[in-house]
Amino acid sequence: MHSQFQLAAPDTGLAAALQHKIDRKTKPQGALGQLEALALKLGLVQQTLTPALTAPHLLVFAGDHGAARDGVSAFPQEVTWQMVGNFLAGGAAINVFARQNGLALTVVDAGVAHDFGAIGDGAVPAFINAKVAWGTASYLVEPAMSAQQCAAALEHGAGIVGRLAAADCNVVGFGEMGIGNTASASLITHCLTGVPLADCVGRGTGLDDAGLARKNALLDRALQRYRQAGGGDDPLAVLAEFGGFEVAMMAGAMIAAARAGMVLLIDGFIVGAAALVA
């Protein structure tokens with residue numbers, strides 16, 4: 001694997017000194033609850049007794065999934081690029097969250113099946129054109145992406161975070177957009193954790209009972225195709241088989257962020273699947 005994806009675990013030697021500093025504050029021990037545990041974790045991540053959060057940045061990665069055309073989602077694929085426009089216009093929940101907390105927000109086109117025109121040519125600073133391809137292939141009939149495409153997405157994600165780190169950002173949060181990507185995350189989660197596939201599959205953006213049953217059947221079919229072809233549980237193989245370009249790019253970004261000693265904000269099922277790969 002490329003050297004930029006090699007990680008070393010944080011040295012826990014500072015833990016006692018950090019806890020002592022926390023306990024010596026003017027307050028009853030443990031009075032701040034989870035904030036104290038978070039302070040300890042931040043100190044270990046940053047390897048310092050005086051952790052600080054600087055230039056926090058949210059990255060929203062967008063990509064389309066070939067399997068979405070086969071009914072794994074309640075919404076058409078076109079919603080992906082429409083939501084990207086909504087992010088850039090400041091009209092989504094993540095925009096409110098960013099504004100309220102003073103966080104920079106950048107949207108990344110990892111593989112949306114849409115031509116963003118001037119936006120993708122650098123006209124909008126809050127948008128990064130890192131498109132690997134116009135969406136993935138359908139994993140119902142073939143691997144979602146080639147090994148080369150998967151590697152390119154990982155590298156792009158790492159590069160984006162590397163540039164943030166060079167600009168003194170040490171906190172990065174992750175978000176995603178991609179119609180059909182809860183199905184992709186379900187397959188990835190099953191393969192990497194061993195949790196039964198049915199327990200990993202949910203309604204996504206609002207499937208009814210019939211839609212959920214169809215989604216389960218389609219994903220089971222995709223999994224059987226993969227297993228019959230000799231597919232195993234290697235994270236990169238699973239990612240290339242079932243992932244989206246936004247999931248792969250997040251995984252690469254997470255590894256690079258961890259390598260740089262940054263604090264990572266991980267939230268949501270799809271982002272969690274990317275973290276499993278990372």
# chains A, B, ... in the order shown; residues from 1 in each chain; ligands from 1
>>> residues_around(residues="stretch 205-218 of chain A", least_positions_apart="4", cutoff="8 Å", atoms="only C-alpha atoms", output="PDB file with C-alpha atoms, in the first residue's frame")
ATOM      1  CA  GLY A  71     -34.330   0.103  -7.579  1.00  0.00           C
ATOM      2  CA  VAL A  72     -32.227   0.089  -4.402  1.00  0.00           C
ATOM      3  CA  SER A  73     -33.406   3.622  -3.564  1.00  0.00           C
ATOM      4  CA  ALA A  74     -36.757   5.382  -3.388  1.00  0.00           C
ATOM      5  CA  PHE A  75     -35.358   8.340  -5.339  1.00  0.00           C
ATOM      6  CA  LEU A 140     -25.653  -6.201  -9.358  1.00  0.00           C
ATOM      7  CA  ALA A 183     -27.309   0.075  -0.025  1.00  0.00           C
ATOM      8  CA  ALA A 198     -30.499  -8.259   6.589  1.00  0.00           C
ATOM      9  CA  VAL A 201     -30.158  -3.037   5.398  1.00  0.00           C
ATOM     10  CA  ALA A 222     -25.258  -8.804  -5.495  1.00  0.00           C
TER      11      ALA A 222
END
>>> select_by_dssp(residues="stretch 28-61 of chain A", states="strand (DSSP E or B)", output="PDB file with N, CA and C atoms, in the first residue's frame")
ATOM      1  N   HIS A  57     -13.039  21.938   9.333  1.00  0.00           N
ATOM      2  CA  HIS A  57     -13.548  21.917   7.966  1.00  0.00           C
ATOM      3  C   HIS A  57     -14.436  20.696   7.752  1.00  0.00           C
ATOM      4  N   LEU A  58     -15.591  20.914   7.142  1.00  0.00           N
ATOM      5  CA  LEU A  58     -16.472  19.815   6.760  1.00  0.00           C
ATOM      6  C   LEU A  58     -16.310  19.527   5.274  1.00  0.00           C
ATOM      7  N   LEU A  59     -16.160  18.269   4.940  1.00  0.00           N
ATOM      8  CA  LEU A  59     -16.069  17.827   3.549  1.00  0.00           C
ATOM      9  C   LEU A  59     -17.276  16.959   3.232  1.00  0.00           C
ATOM     10  N   VAL A  60     -18.046  17.336   2.222  1.00  0.00           N
ATOM     11  CA  VAL A  60     -19.183  16.535   1.774  1.00  0.00           C
ATOM     12  C   VAL A  60     -18.826  15.943   0.413  1.00  0.00           C
ATOM     13  N   PHE A  61     -18.707  14.624   0.357  1.00  0.00           N
ATOM     14  CA  PHE A  61     -18.323  13.923  -0.864  1.00  0.00           C
ATOM     15  C   PHE A  61     -19.574  13.401  -1.567  1.00  0.00           C
TER      16      PHE A  61
END
>>> closest_atom_pairs(of="stretch 36-131 of chain A", to="stretch 152-168 of chain A", cutoff="8 Å", atoms="only C-alpha atoms", output="Markdown table")
| residue | atom | partner | partner_atom | distance |
| --- | --- | --- | --- | --- |
| A:Thr54 | CA | A:Asp168 | CA | 6.9 |
| A:Ala55 | CA | A:Asp168 | CA | 6.7 |
| A:Ala110 | CA | A:Ala153 | CA | 7.3 |
| A:Ala130 | CA | A:His156 | CA | 6.7 |
>>> write_last_selection(atoms="N, CA, C and O atoms", output="compact mmCIF listing (two decimals), in the first residue's frame")
# COMPACT_ATOMS: atom_id res chain seq x y z
N THR A 54 -8.21 23.89 15.38
CA THR A 54 -7.98 25.03 14.51
C THR A 54 -8.54 24.77 13.11
O THR A 54 -8.44 23.68 12.57
N ALA A 55 -9.15 25.81 12.55
CA ALA A 55 -9.68 25.82 11.18
C ALA A 55 -10.48 24.56 10.85
O ALA A 55 -10.21 23.90 9.84
N ALA A 110 -16.97 13.51 -6.25
CA ALA A 110 -16.13 12.32 -6.34
C ALA A 110 -16.47 11.47 -7.55
O ALA A 110 -15.62 10.75 -8.08
N ALA A 130 -13.26 16.43 -8.29
CA ALA A 130 -12.34 15.29 -8.20
C ALA A 130 -12.99 14.07 -8.85
O ALA A 130 -12.71 12.94 -8.48
>>> closest_residue(among="A:Gln47, A:Gln149, A:Thr193, A:Gln77", to="A:Ala62", atoms="only C-alpha atoms")
A:Gln77
>>> atom_distance(atom1="atom CA of A:Phe127", atom2="atom CA of A:Leu236")
26.8 Å
>>> residues_around(residues="A:Ala52", least_positions_apart="4", cutoff="10 Å", atoms="only C-alpha atoms", output="MDAnalysis selection string")
chainID A and resid 39 42:43 46 48 170:171
>>> atom_distance(atom1="atom CA of A:Leu18", atom2="atom CA of A:Gly33")
15.3 Å
>>> closest_residue(among="A:Cys150, A:Met250, A:Leu197, A:Val84", to="A:Gln224", atoms="only C-alpha atoms")
A:Leu197
>>> closest_residue(among="A:Val96, A:Leu187, A:Leu223, A:Ala229", to="A:Val277", atoms="only C-alpha atoms")
A:Leu187
